[in-house]
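For reference, query.pdb is printed below; it contains PDB, C-alpha atoms, pLDDT in the B column.
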```
ATOM      1  CA  MET U   1      49.862 -96.867-187.049  1.00 52.00           C
ATOM      2  CA  ALA U   2      48.787 -96.291-190.664  1.00 53.00           C
ATOM      3  CA  PRO U   3      49.629 -92.917-192.234  1.00 55.00           C
ATOM      4  CA  GLY U   4      46.759 -90.482-191.845  1.00 55.00           C
ATOM      5  CA  ALA U   5      45.044 -92.501-189.062  1.00 54.00           C
ATOM      6  CA  ALA U   6      44.218 -90.632-185.884  1.00 55.00           C
ATOM      7  CA  ALA U   7      45.782 -91.751-182.650  1.00 54.00           C
ATOM      8  CA  PRO U   8      43.327 -93.492-180.292  1.00 52.00           C
ATOM      9  CA  THR U   9      41.916 -91.196-177.678  1.00 52.00           C
ATOM     10  CA  ARG U  10      42.490 -91.719-173.982  1.00 48.00           C
ATOM     11  CA  SER U  11      38.885 -92.919-173.461  1.00 45.00           C
ATOM     12  CA  ALA U  12      39.161 -95.362-176.347  1.00 46.00           C
ATOM     13  CA  ARG U  13      42.271 -96.890-174.790  1.00 44.00           C
ATOM     14  CA  ARG U  14      40.394 -97.289-171.470  1.00 43.00           C
ATOM     15  CA  GLU U  15      37.414 -99.007-173.120  1.00 43.00           C
ATOM     16  CA  ARG U  16      39.571-101.578-174.911  1.00 41.00           C
ATOM     17  CA  PRO U  17      38.458-105.120-173.948  1.00 41.00           C
ATOM     18  CA  GLY U  18      40.616-106.557-171.205  1.00 39.00           C
ATOM     19  CA  ALA U  19      42.139-103.192-170.275  1.00 38.00           C
ATOM     20  CA  HIS U  20      41.575-101.722-166.854  1.00 35.00           C
ATOM     21  CA  GLU U  21      42.611 -98.380-165.471  1.00 34.00           C
ATOM     22  CA  ASP U  22      45.030-100.137-163.134  1.00 33.00           C
ATOM     23  CA  GLY U  23      46.716-101.769-166.122  1.00 35.00           C
ATOM     24  CA  GLY U  24      45.677-105.295-165.137  1.00 36.00           C
ATOM     25  CA  ALA U  25      43.863-107.853-167.198  1.00 37.00           C
ATOM     26  CA  GLY U  26      40.091-107.907-167.227  1.00 37.00           C
ATOM     27  CA  GLY U  27      38.021-110.220-165.084  1.00 39.00           C
ATOM     28  CA  ASP U  28      38.856-111.852-161.823  1.00 41.00           C
ATOM     29  CA  ALA U  29      41.822-113.944-160.885  1.00 42.00           C
ATOM     30  CA  ASP U  30      40.108-117.267-161.563  1.00 45.00           C
ATOM     31  CA  GLY U  31      39.015-116.300-165.085  1.00 46.00           C
ATOM     32  CA  GLY U  32      35.334-115.749-164.326  1.00 51.00           C
ATOM     33  CA  GLY U  33      35.226-112.716-166.587  1.00 55.00           C
ATOM     34  CA  GLY U  34      33.393-110.336-164.248  1.00 65.00           C
ATOM     35  CA  PRO U  35      34.877-108.094-161.632  1.00 73.00           C
ATOM     36  CA  ARG U  36      35.073-109.539-158.141  1.00 73.00           C
ATOM     37  CA  PRO U  37      32.992-107.903-155.418  1.00 74.00           C
ATOM     38  CA  ARG U  38      34.775-105.325-153.306  1.00 84.00           C
ATOM     39  CA  TRP U  39      35.752-106.114-149.739  1.00 88.00           C
ATOM     40  CA  PRO U  40      33.019-104.660-147.486  1.00 92.00           C
ATOM     41  CA  TRP U  41      35.357-103.031-144.942  1.00 92.00           C
ATOM     42  CA  ARG U  42      33.183 -99.966-144.408  1.00 93.00           C
ATOM     43  CA  SER U  43      30.296-101.999-143.040  1.00 94.00           C
ATOM     44  CA  THR U  44      32.171-104.921-141.457  1.00 96.00           C
ATOM     45  CA  VAL U  45      34.556-102.942-139.233  1.00 96.00           C
ATOM     46  CA  PRO U  46      31.848-100.824-137.529  1.00 97.00           C
ATOM     47  CA  LEU U  47      29.565-103.850-137.185  1.00 97.00           C
ATOM     48  CA  THR U  48      32.348-105.876-135.547  1.00 97.00           C
ATOM     49  CA  ALA U  49      33.116-102.985-133.191  1.00 97.00           C
ATOM     50  CA  PHE U  50      29.412-102.692-132.351  1.00 97.00           C
ATOM     51  CA  VAL U  51      29.245-106.429-131.617  1.00 97.00           C
ATOM     52  CA  LEU U  52      32.284-106.269-129.324  1.00 97.00           C
ATOM     53  CA  ILE U  53      31.191-103.146-127.448  1.00 97.00           C
ATOM     54  CA  GLY U  54      27.506-104.041-127.358  1.00 97.00           C
ATOM     55  CA  SER U  55      28.273-107.479-125.975  1.00 96.00           C
ATOM     56  CA  ASP U  56      30.059-105.843-123.036  1.00 94.00           C
ATOM     57  CA  PHE U  57      26.900-103.876-122.269  1.00 95.00           C
ATOM     58  CA  ALA U  58      24.777-107.006-122.726  1.00 95.00           C
ATOM     59  CA  GLY U  59      27.094-108.845-120.326  1.00 94.00           C
ATOM     60  CA  HIS U  60      26.540-106.231-117.617  1.00 94.00           C
ATOM     61  CA  ALA U  61      22.789-106.374-118.129  1.00 94.00           C
ATOM     62  CA  GLN U  62      22.767-110.197-117.931  1.00 92.00           C
ATOM     63  CA  GLU U  63      25.179-110.527-115.019  1.00 91.00           C
ATOM     64  CA  GLY U  64      24.301-113.575-112.940  1.00 85.00           C
ATOM     65  CA  GLU U  65      22.192-115.084-115.757  1.00 85.00           C
ATOM     66  CA  ARG U  66      24.954-115.648-118.322  1.00 88.00           C
ATOM     67  CA  VAL U  67      28.706-116.243-118.119  1.00 90.00           C
ATOM     68  CA  ALA U  68      30.903-113.118-118.291  1.00 92.00           C
ATOM     69  CA  LEU U  69      32.907-112.590-121.459  1.00 94.00           C
ATOM     70  CA  ASP U  70      36.475-113.869-121.277  1.00 95.00           C
ATOM     71  CA  PRO U  71      39.234-113.763-123.943  1.00 96.00           C
ATOM     72  CA  PHE U  72      37.813-116.828-125.718  1.00 96.00           C
ATOM     73  CA  GLY U  73      34.387-115.190-125.861  1.00 96.00           C
ATOM     74  CA  ARG U  74      35.876-112.014-127.306  1.00 97.00           C
ATOM     75  CA  VAL U  75      37.707-114.039-129.973  1.00 97.00           C
ATOM     76  CA  LEU U  76      34.394-115.667-130.944  1.00 97.00           C
ATOM     77  CA  LEU U  77      32.758-112.236-131.189  1.00 97.00           C
ATOM     78  CA  PHE U  78      35.604-110.941-133.338  1.00 98.00           C
ATOM     79  CA  LEU U  79      35.472-113.979-135.631  1.00 97.00           C
ATOM     80  CA  ALA U  80      31.710-113.639-136.031  1.00 97.00           C
ATOM     81  CA  GLY U  81      32.236-110.127-137.380  1.00 97.00           C
ATOM     82  CA  ALA U  82      35.450-110.751-139.324  1.00 97.00           C
ATOM     83  CA  VAL U  83      33.984-113.606-141.367  1.00 97.00           C
ATOM     84  CA  LEU U  84      31.568-111.083-142.897  1.00 97.00           C
ATOM     85  CA  LEU U  85      34.419-109.682-144.999  1.00 96.00           C
ATOM     86  CA  TRP U  86      33.929-112.645-147.360  1.00 96.00           C
ATOM     87  CA  ARG U  87      30.130-112.354-147.633  1.00 95.00           C
ATOM     88  CA  GLY U  88      30.227-110.882-151.152  1.00 92.00           C
ATOM     89  CA  ARG U  89      32.670-113.456-152.506  1.00 94.00           C
ATOM     90  CA  HIS U  90      31.553-116.598-150.665  1.00 96.00           C
ATOM     91  CA  PRO U  91      28.074-116.030-149.177  1.00 96.00           C
ATOM     92  CA  VAL U  92      27.263-119.690-148.449  1.00 97.00           C
ATOM     93  CA  PRO U  93      30.383-120.532-146.409  1.00 98.00           C
ATOM     94  CA  VAL U  94      30.043-117.179-144.622  1.00 98.00           C
ATOM     95  CA  VAL U  95      26.481-117.791-143.435  1.00 98.00           C
ATOM     96  CA  PHE U  96      27.424-121.242-142.137  1.00 98.00           C
ATOM     97  CA  ALA U  97      30.632-119.873-140.563  1.00 98.00           C
ATOM     98  CA  ALA U  98      28.654-117.163-138.757  1.00 98.00           C
ATOM     99  CA  VAL U  99      26.303-119.810-137.380  1.00 97.00           C
ATOM    100  CA  ALA U 100      29.275-122.030-136.470  1.00 97.00           C
ATOM    101  CA  VAL U 101      30.788-119.182-134.436  1.00 97.00           C
ATOM    102  CA  VAL U 102      27.566-118.044-132.756  1.00 96.00           C
ATOM    103  CA  LEU U 103      26.515-121.527-131.571  1.00 96.00           C
ATOM    104  CA  PRO U 104      29.618-122.102-129.392  1.00 95.00           C
ATOM    105  CA  SER U 105      29.127-118.604-128.000  1.00 94.00           C
ATOM    106  CA  THR U 106      25.586-119.590-127.044  1.00 92.00           C
ATOM    107  CA  GLY U 107      26.754-122.946-125.714  1.00 92.00           C
ATOM    108  CA  ALA U 108      29.399-121.326-123.546  1.00 92.00           C
ATOM    109  CA  ARG U 109      26.546-119.228-122.099  1.00 91.00           C
ATOM    110  CA  TYR U 110      28.088-115.915-123.081  1.00 94.00           C
ATOM    111  CA  PRO U 111      25.589-113.040-123.025  1.00 93.00           C
ATOM    112  CA  TYR U 112      22.932-112.805-125.690  1.00 91.00           C
ATOM    113  CA  GLY U 113      23.508-109.638-127.619  1.00 92.00           C
ATOM    114  CA  PRO U 114      24.479-108.100-130.925  1.00 95.00           C
ATOM    115  CA  VAL U 115      26.467-111.160-132.040  1.00 95.00           C
ATOM    116  CA  PHE U 116      23.237-112.331-133.661  1.00 95.00           C
ATOM    117  CA  LEU U 117      23.493-109.355-136.027  1.00 96.00           C
ATOM    118  CA  THR U 118      26.428-111.078-137.705  1.00 97.00           C
ATOM    119  CA  VAL U 119      24.195-114.037-138.521  1.00 96.00           C
ATOM    120  CA  ALA U 120      21.512-111.662-139.791  1.00 96.00           C
ATOM    121  CA  VAL U 121      23.943-109.874-142.121  1.00 96.00           C
ATOM    122  CA  ALA U 122      25.393-113.167-143.375  1.00 97.00           C
ATOM    123  CA  CYS U 123      21.910-114.583-143.992  1.00 96.00           C
ATOM    124  CA  PHE U 124      20.836-111.435-145.822  1.00 95.00           C
ATOM    125  CA  GLY U 125      23.960-111.607-147.990  1.00 94.00           C
ATOM    126  CA  ALA U 126      23.335-115.239-148.892  1.00 96.00           C
ATOM    127  CA  VAL U 127      19.686-114.684-149.808  1.00 94.00           C
ATOM    128  CA  VAL U 128      20.193-111.561-151.922  1.00 92.00           C
ATOM    129  CA  SER U 129      23.038-113.239-153.810  1.00 92.00           C
ATOM    130  CA  GLY U 130      20.701-116.082-154.780  1.00 92.00           C
ATOM    131  CA  HIS U 131      21.571-118.720-152.179  1.00 95.00           C
ATOM    132  CA  ARG U 132      18.216-118.875-150.426  1.00 93.00           C
ATOM    133  CA  HIS U 133      18.276-122.619-149.702  1.00 95.00           C
ATOM    134  CA  ALA U 134      21.671-122.343-148.035  1.00 96.00           C
ATOM    135  CA  ALA U 135      20.428-119.409-145.957  1.00 96.00           C
ATOM    136  CA  TRP U 136      17.339-121.347-144.837  1.00 94.00           C
ATOM    137  CA  ALA U 137      19.533-124.368-144.002  1.00 97.00           C
ATOM    138  CA  ALA U 138      21.969-122.240-141.997  1.00 97.00           C
ATOM    139  CA  MET U 139      19.171-120.554-140.067  1.00 96.00           C
ATOM    140  CA  GLY U 140      17.549-123.922-139.400  1.00 95.00           C
ATOM    141  CA  THR U 141      20.916-125.123-138.101  1.00 97.00           C
ATOM    142  CA  LEU U 142      21.115-122.090-135.816  1.00 96.00           C
ATOM    143  CA  TRP U 143      17.669-122.743-134.372  1.00 94.00           C
ATOM    144  CA  ALA U 144      18.187-126.518-134.014  1.00 96.00           C
ATOM    145  CA  GLY U 145      21.567-125.935-132.366  1.00 95.00           C
ATOM    146  CA  HIS U 146      20.056-123.437-129.961  1.00 94.00           C
ATOM    147  CA  VAL U 147      17.265-125.881-129.045  1.00 95.00           C
ATOM    148  CA  LEU U 148      19.836-128.622-128.450  1.00 95.00           C
ATOM    149  CA  ILE U 149      21.925-126.344-126.232  1.00 94.00           C
ATOM    150  CA  ALA U 150      19.015-124.797-124.326  1.00 91.00           C
ATOM    151  CA  GLN U 151      16.933-127.955-123.836  1.00 92.00           C
ATOM    152  CA  VAL U 152      19.446-130.817-123.596  1.00 92.00           C
ATOM    153  CA  LEU U 153      23.101-129.824-123.298  1.00 92.00           C
ATOM    154  CA  TYR U 154      22.554-127.092-120.679  1.00 88.00           C
ATOM    155  CA  ARG U 155      23.066-129.747-117.952  1.00 88.00           C
ATOM    156  CA  TRP U 156      26.743-130.089-118.866  1.00 88.00           C
ATOM    157  CA  LEU U 157      27.434-126.478-119.841  1.00 85.00           C
ATOM    158  CA  PRO U 158      28.236-123.478-117.644  1.00 80.00           C
ATOM    159  CA  PRO U 159      26.965-122.069-115.373  1.00 77.00           C
ATOM    160  CA  PRO U 160      26.412-125.009-113.000  1.00 78.00           C
ATOM    161  CA  GLY U 161      22.858-125.508-111.765  1.00 78.00           C
ATOM    162  CA  ASP U 162      21.308-123.938-114.874  1.00 82.00           C
ATOM    163  CA  ARG U 163      17.809-124.904-116.052  1.00 85.00           C
ATOM    164  CA  ALA U 164      16.377-125.530-119.496  1.00 87.00           C
ATOM    165  CA  ALA U 165      15.222-122.457-121.369  1.00 86.00           C
ATOM    166  CA  SER U 166      11.500-121.963-121.731  1.00 89.00           C
ATOM    167  CA  TRP U 167       9.856-123.037-124.947  1.00 92.00           C
ATOM    168  CA  ASN U 168       8.545-119.486-125.242  1.00 92.00           C
ATOM    169  CA  GLN U 169      12.154-118.401-125.766  1.00 87.00           C
ATOM    170  CA  GLU U 170      12.564-121.033-128.484  1.00 90.00           C
ATOM    171  CA  ILE U 171       9.395-119.807-130.203  1.00 93.00           C
ATOM    172  CA  VAL U 172      10.743-116.239-130.129  1.00 91.00           C
ATOM    173  CA  ILE U 173      14.024-117.399-131.668  1.00 88.00           C
ATOM    174  CA  ALA U 174      12.227-119.439-134.336  1.00 91.00           C
ATOM    175  CA  THR U 175      10.069-116.418-135.155  1.00 94.00           C
ATOM    176  CA  TRP U 176      13.165-114.222-135.411  1.00 91.00           C
ATOM    177  CA  VAL U 177      14.814-116.749-137.764  1.00 91.00           C
ATOM    178  CA  VAL U 178      11.775-116.957-140.053  1.00 92.00           C
ATOM    179  CA  ALA U 179      11.285-113.169-140.049  1.00 93.00           C
ATOM    180  CA  LEU U 180      14.953-112.602-140.876  1.00 91.00           C
ATOM    181  CA  VAL U 181      14.924-114.895-143.883  1.00 90.00           C
ATOM    182  CA  ALA U 182      11.538-113.553-145.010  1.00 89.00           C
ATOM    183  CA  VAL U 183      12.793-109.955-144.959  1.00 90.00           C
ATOM    184  CA  SER U 184      15.895-111.069-146.841  1.00 90.00           C
ATOM    185  CA  GLU U 185      13.683-112.731-149.454  1.00 88.00           C
ATOM    186  CA  LEU U 186      11.691-109.517-149.855  1.00 89.00           C
ATOM    187  CA  ALA U 187      14.871-107.521-150.388  1.00 85.00           C
ATOM    188  CA  ARG U 188      16.145-109.973-152.967  1.00 79.00           C
ATOM    189  CA  THR U 189      16.210-108.817-156.570  1.00 58.00           C
ATOM    190  CA  PRO U 190      17.563-110.713-159.580  1.00 55.00           C
ATOM    191  CA  THR U 191      20.477-108.315-159.992  1.00 52.00           C
ATOM    192  CA  SER U 192      21.483-107.855-156.364  1.00 49.00           C
ATOM    193  CA  ALA U 193      24.767-109.630-155.916  1.00 49.00           C
ATOM    194  CA  ALA U 194      26.842-106.791-154.460  1.00 50.00           C
ATOM    195  CA  PRO U 195      27.945-106.980-150.800  1.00 51.00           C
ATOM    196  CA  TRP U 196      26.131-103.684-150.000  1.00 50.00           C
TER     197      TRP U 196
END
```

Would it be possible to restate this file's structure as C-alpha cells?
Amino acid sequence: MAPGAAAPTRSARRERPGAHEDGGAGGDADGGGGPRPRWPWRSTVPLTAFVLIGSDFAGHAQEGERVALDPFGRVLLFLAGAVLLWRGRHPVPVVFAAVAVVLPSTGARYPYGPVFLTVAVACFGAVVSGHRHAAWAAMGTLWAGHVLIAQVLYRWLPPPGDRAASWNQEIVIATWVVALVAVSELARTPTSAAPW
C-alpha cells in the first residue's frame, strides 16, 4: 500500500469483482458468470410430502377403481417430487422427467391425485424460465401418453377387465393441460428465471 493511502474499507473489499462473502470465486462452477439458482428445498419438500400423503387419501377414495399404492408406486411419487429440486437449474429436463415419472404411474393405474401437481410445477418453471416450447412439448407428451394408456393400452394393464376411459375424461385432461400452460405463460416475465 502506498504511503498516505487509506486502507480499503470492509464494504469495498466485498464489492471487489470476483470476490464473494464466502471467499469463493465469482460466477458459477462452469464459468457462466452469474450466480446459480438456489436449490428450492423449501417448496419441494412440502410439495413432495403433500403428494405422498395426498395420494394415500386419493387411493382410499378411488378404491376398487384404481390399483392401490405399493412400494413401486410410492417410489414413483417420491421421484416425481424430488426431480423438482433441479427445476431452477435444468427446467427442460425436469419438465420431461416429471412427465416421464407420472405416465408410468398412470399406466400402472395408481390413483389419480396430487402427483399431477409435480407436472404443473415443472411446467410452470420451464415456461417462466423461457422454455415455453419445451413445456408445450412435455405437456403434449403427457396428454398423448394418457390417451394411449386410457384408450389403447388399458387392455394389457392392471386391473384386469378394465374399460377404456371416456373421451370426456380426455377432454378434461386436455383442457387442464392447455390451462396450465396458459397460466404459466401469463405469469412469465422477461426477468423471471428464479426457481420461486

Check: atom CA of Pro158 of chain U to atom CA of Val67 of chain U: how many Å, to one decimal?
Finding: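 Atom CA of Pro158 of chain U sits 7.3 Å away from atom CA of Val67 of chain U.
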
Apply the PyMOL selection byres ((chain U and resi 88) around 12) to the structure shown and report the selected residues as a PDB file with C-alpha atoms, in the frame of the given file.
```pdb
ATOM      1  CA  PRO U  35      34.877-108.094-161.632  1.00 73.00           C
ATOM      2  CA  ARG U  36      35.073-109.539-158.141  1.00 73.00           C
ATOM      3  CA  PRO U  37      32.992-107.903-155.418  1.00 74.00           C
ATOM      4  CA  ARG U  38      34.775-105.325-153.306  1.00 84.00           C
ATOM      5  CA  TRP U  39      35.752-106.114-149.739  1.00 88.00           C
ATOM      6  CA  PRO U  40      33.019-104.660-147.486  1.00 92.00           C
ATOM      7  CA  TRP U  41      35.357-103.031-144.942  1.00 92.00           C
ATOM      8  CA  THR U  44      32.171-104.921-141.457  1.00 96.00           C
ATOM      9  CA  VAL U  83      33.984-113.606-141.367  1.00 97.00           C
ATOM     10  CA  LEU U  84      31.568-111.083-142.897  1.00 97.00           C
ATOM     11  CA  LEU U  85      34.419-109.682-144.999  1.00 96.00           C
ATOM     12  CA  TRP U  86      33.929-112.645-147.360  1.00 96.00           C
ATOM     13  CA  ARG U  87      30.130-112.354-147.633  1.00 95.00           C
ATOM     14  CA  ARG U  89      32.670-113.456-152.506  1.00 94.00           C
ATOM     15  CA  HIS U  90      31.553-116.598-150.665  1.00 96.00           C
ATOM     16  CA  PRO U  91      28.074-116.030-149.177  1.00 96.00           C
ATOM     17  CA  VAL U  92      27.263-119.690-148.449  1.00 97.00           C
ATOM     18  CA  PRO U  93      30.383-120.532-146.409  1.00 98.00           C
ATOM     19  CA  VAL U  94      30.043-117.179-144.622  1.00 98.00           C
ATOM     20  CA  VAL U  95      26.481-117.791-143.435  1.00 98.00           C
ATOM     21  CA  VAL U 121      23.943-109.874-142.121  1.00 96.00           C
ATOM     22  CA  ALA U 122      25.393-113.167-143.375  1.00 97.00           C
ATOM     23  CA  CYS U 123      21.910-114.583-143.992  1.00 96.00           C
ATOM     24  CA  PHE U 124      20.836-111.435-145.822  1.00 95.00           C
ATOM     25  CA  GLY U 125      23.960-111.607-147.990  1.00 94.00           C
ATOM     26  CA  ALA U 126      23.335-115.239-148.892  1.00 96.00           C
ATOM     27  CA  VAL U 127      19.686-114.684-149.808  1.00 94.00           C
ATOM     28  CA  VAL U 128      20.193-111.561-151.922  1.00 92.00           C
ATOM     29  CA  SER U 129      23.038-113.239-153.810  1.00 92.00           C
ATOM     30  CA  GLY U 130      20.701-116.082-154.780  1.00 92.00           C
ATOM     31  CA  HIS U 131      21.571-118.720-152.179  1.00 95.00           C
ATOM     32  CA  SER U 192      21.483-107.855-156.364  1.00 49.00           C
ATOM     33  CA  ALA U 193      24.767-109.630-155.916  1.00 49.00           C
ATOM     34  CA  ALA U 194      26.842-106.791-154.460  1.00 50.00           C
ATOM     35  CA  PRO U 195      27.945-106.980-150.800  1.00 51.00           C
ATOM     36  CA  TRP U 196      26.131-103.684-150.000  1.00 50.00           C
TER      37      TRP U 196
END
```

Item checked: Using all atoms listed in the file: which of U:Gly59, U:Gly64, U:Gly140, U:Gly54 has the shortest distance to Leu180 of chain U -> U:Gly140

Next item on the list: To one decimal in Å, tell me the separation between atom CA of Ile173 of chain U and atom CA of Met139 of chain U.
Entry: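 Interatomic distance here is 10.3 Å.
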
Note to self: For this structure, which residues satisfy the selection - the PyMOL selection byres ((chain U and resi 143-156) around 9) - when it is evaluated on the file as given? I want them as a list of chain:residue names.
What the structure shows: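 With the PyMOL selection byres ((chain U and resi 143-156) around 9) on this model, the match is U:Leu103, U:Thr106, U:Gly107, U:Arg109, U:Ala138, U:Met139, U:Gly140, U:Thr141, U:Leu142, U:Leu157, U:Pro158, U:Pro159, U:Pro160, U:Gly161, U:Asp162, U:Arg163, U:Ala164, U:Ala165, U:Ser166, U:Trp167, U:Glu170, U:Ile173, U:Ala174, U:Val177.
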
May I ask you to restore all heavy atoms in segment 63-72 of chain U and write the result as a PDB file, in the frame of the given file?
```pdb
ATOM      1  N   GLU U  63      24.290-110.019-116.071  1.00 91.00           N
ATOM      2  CA  GLU U  63      25.179-110.527-115.019  1.00 91.00           C
ATOM      3  C   GLU U  63      24.399-111.445-114.079  1.00 91.00           C
ATOM      4  O   GLU U  63      23.299-111.135-113.649  1.00 91.00           O
ATOM      5  CB  GLU U  63      25.763-109.352-114.229  1.00 91.00           C
ATOM      6  CG  GLU U  63      27.037-109.702-113.517  1.00 91.00           C
ATOM      7  CD  GLU U  63      27.729-108.451-113.011  1.00 91.00           C
ATOM      8  OE1 GLU U  63      27.741-107.446-113.730  1.00 91.00           O
ATOM      9  OE2 GLU U  63      28.238-108.512-111.883  1.00 91.00           O
ATOM     10  N   GLY U  64      24.958-112.603-113.800  1.00 85.00           N
ATOM     11  CA  GLY U  64      24.301-113.575-112.940  1.00 85.00           C
ATOM     12  C   GLY U  64      23.462-114.575-113.730  1.00 85.00           C
ATOM     13  O   GLY U  64      23.250-115.692-113.296  1.00 85.00           O
ATOM     14  N   GLU U  65      22.983-114.185-114.903  1.00 85.00           N
ATOM     15  CA  GLU U  65      22.192-115.084-115.757  1.00 85.00           C
ATOM     16  C   GLU U  65      23.068-115.807-116.764  1.00 85.00           C
ATOM     17  O   GLU U  65      22.808-116.957-117.102  1.00 85.00           O
ATOM     18  CB  GLU U  65      21.130-114.296-116.528  1.00 85.00           C
ATOM     19  CG  GLU U  65      20.144-113.549-115.681  1.00 85.00           C
ATOM     20  CD  GLU U  65      19.274-112.643-116.538  1.00 85.00           C
ATOM     21  OE1 GLU U  65      19.007-112.984-117.707  1.00 85.00           O
ATOM     22  OE2 GLU U  65      18.882-111.585-116.038  1.00 85.00           O
ATOM     23  N   ARG U  66      24.066-115.095-117.301  1.00 88.00           N
ATOM     24  CA  ARG U  66      24.954-115.648-118.322  1.00 88.00           C
ATOM     25  C   ARG U  66      26.393-115.542-117.822  1.00 88.00           C
ATOM     26  O   ARG U  66      26.687-114.817-116.877  1.00 88.00           O
ATOM     27  CB  ARG U  66      24.812-114.881-119.646  1.00 88.00           C
ATOM     28  CG  ARG U  66      23.400-114.735-120.174  1.00 88.00           C
ATOM     29  CD  ARG U  66      22.805-115.990-120.690  1.00 88.00           C
ATOM     30  NE  ARG U  66      23.436-116.436-121.924  1.00 88.00           N
ATOM     31  CZ  ARG U  66      23.072-117.536-122.558  1.00 88.00           C
ATOM     32  NH1 ARG U  66      22.097-118.295-122.079  1.00 88.00           N
ATOM     33  NH2 ARG U  66      23.673-117.907-123.658  1.00 88.00           N
ATOM     34  N   VAL U  67      27.296-116.245-118.478  1.00 90.00           N
ATOM     35  CA  VAL U  67      28.706-116.243-118.119  1.00 90.00           C
ATOM     36  C   VAL U  67      29.355-114.955-118.653  1.00 90.00           C
ATOM     37  O   VAL U  67      29.066-114.537-119.771  1.00 90.00           O
ATOM     38  CB  VAL U  67      29.409-117.484-118.714  1.00 90.00           C
ATOM     39  CG1 VAL U  67      30.901-117.448-118.486  1.00 90.00           C
ATOM     40  CG2 VAL U  67      28.809-118.757-118.141  1.00 90.00           C
ATOM     41  N   ALA U  68      30.214-114.339-117.862  1.00 92.00           N
ATOM     42  CA  ALA U  68      30.903-113.118-118.291  1.00 92.00           C
ATOM     43  C   ALA U  68      31.846-113.416-119.459  1.00 92.00           C
ATOM     44  O   ALA U  68      32.410-114.512-119.555  1.00 92.00           O
ATOM     45  CB  ALA U  68      31.688-112.521-117.122  1.00 92.00           C
ATOM     46  N   LEU U  69      32.001-112.433-120.321  1.00 94.00           N
ATOM     47  CA  LEU U  69      32.907-112.590-121.459  1.00 94.00           C
ATOM     48  C   LEU U  69      34.341-112.726-120.982  1.00 94.00           C
ATOM     49  O   LEU U  69      34.798-111.984-120.111  1.00 94.00           O
ATOM     50  CB  LEU U  69      32.804-111.385-122.391  1.00 94.00           C
ATOM     51  CG  LEU U  69      31.598-111.364-123.320  1.00 94.00           C
ATOM     52  CD1 LEU U  69      31.503-110.016-124.017  1.00 94.00           C
ATOM     53  CD2 LEU U  69      31.670-112.486-124.332  1.00 94.00           C
ATOM     54  N   ASP U  70      35.058-113.679-121.548  1.00 95.00           N
ATOM     55  CA  ASP U  70      36.475-113.869-121.277  1.00 95.00           C
ATOM     56  C   ASP U  70      37.211-113.735-122.614  1.00 95.00           C
ATOM     57  O   ASP U  70      36.576-113.448-123.632  1.00 95.00           O
ATOM     58  CB  ASP U  70      36.717-115.226-120.600  1.00 95.00           C
ATOM     59  CG  ASP U  70      36.183-116.412-121.411  1.00 95.00           C
ATOM     60  OD1 ASP U  70      35.885-116.231-122.609  1.00 95.00           O
ATOM     61  OD2 ASP U  70      36.074-117.507-120.853  1.00 95.00           O
ATOM     62  N   PRO U  71      38.520-113.916-122.660  1.00 96.00           N
ATOM     63  CA  PRO U  71      39.234-113.763-123.943  1.00 96.00           C
ATOM     64  C   PRO U  71      38.703-114.687-125.044  1.00 96.00           C
ATOM     65  O   PRO U  71      38.601-114.275-126.197  1.00 96.00           O
ATOM     66  CB  PRO U  71      40.691-114.088-123.582  1.00 96.00           C
ATOM     67  CG  PRO U  71      40.809-113.668-122.157  1.00 96.00           C
ATOM     68  CD  PRO U  71      39.478-114.020-121.538  1.00 96.00           C
ATOM     69  N   PHE U  72      38.358-115.923-124.708  1.00 96.00           N
ATOM     70  CA  PHE U  72      37.813-116.828-125.718  1.00 96.00           C
ATOM     71  C   PHE U  72      36.497-116.291-126.279  1.00 96.00           C
ATOM     72  O   PHE U  72      36.258-116.329-127.488  1.00 96.00           O
ATOM     73  CB  PHE U  72      37.609-118.230-125.133  1.00 96.00           C
ATOM     74  CG  PHE U  72      37.021-119.210-126.117  1.00 96.00           C
ATOM     75  CD1 PHE U  72      37.736-119.626-127.224  1.00 96.00           C
ATOM     76  CD2 PHE U  72      35.731-119.700-125.938  1.00 96.00           C
ATOM     77  CE1 PHE U  72      37.189-120.520-128.136  1.00 96.00           C
ATOM     78  CE2 PHE U  72      35.178-120.593-126.837  1.00 96.00           C
ATOM     79  CZ  PHE U  72      35.911-121.010-127.954  1.00 96.00           C
TER      80      PHE U  72
END
```
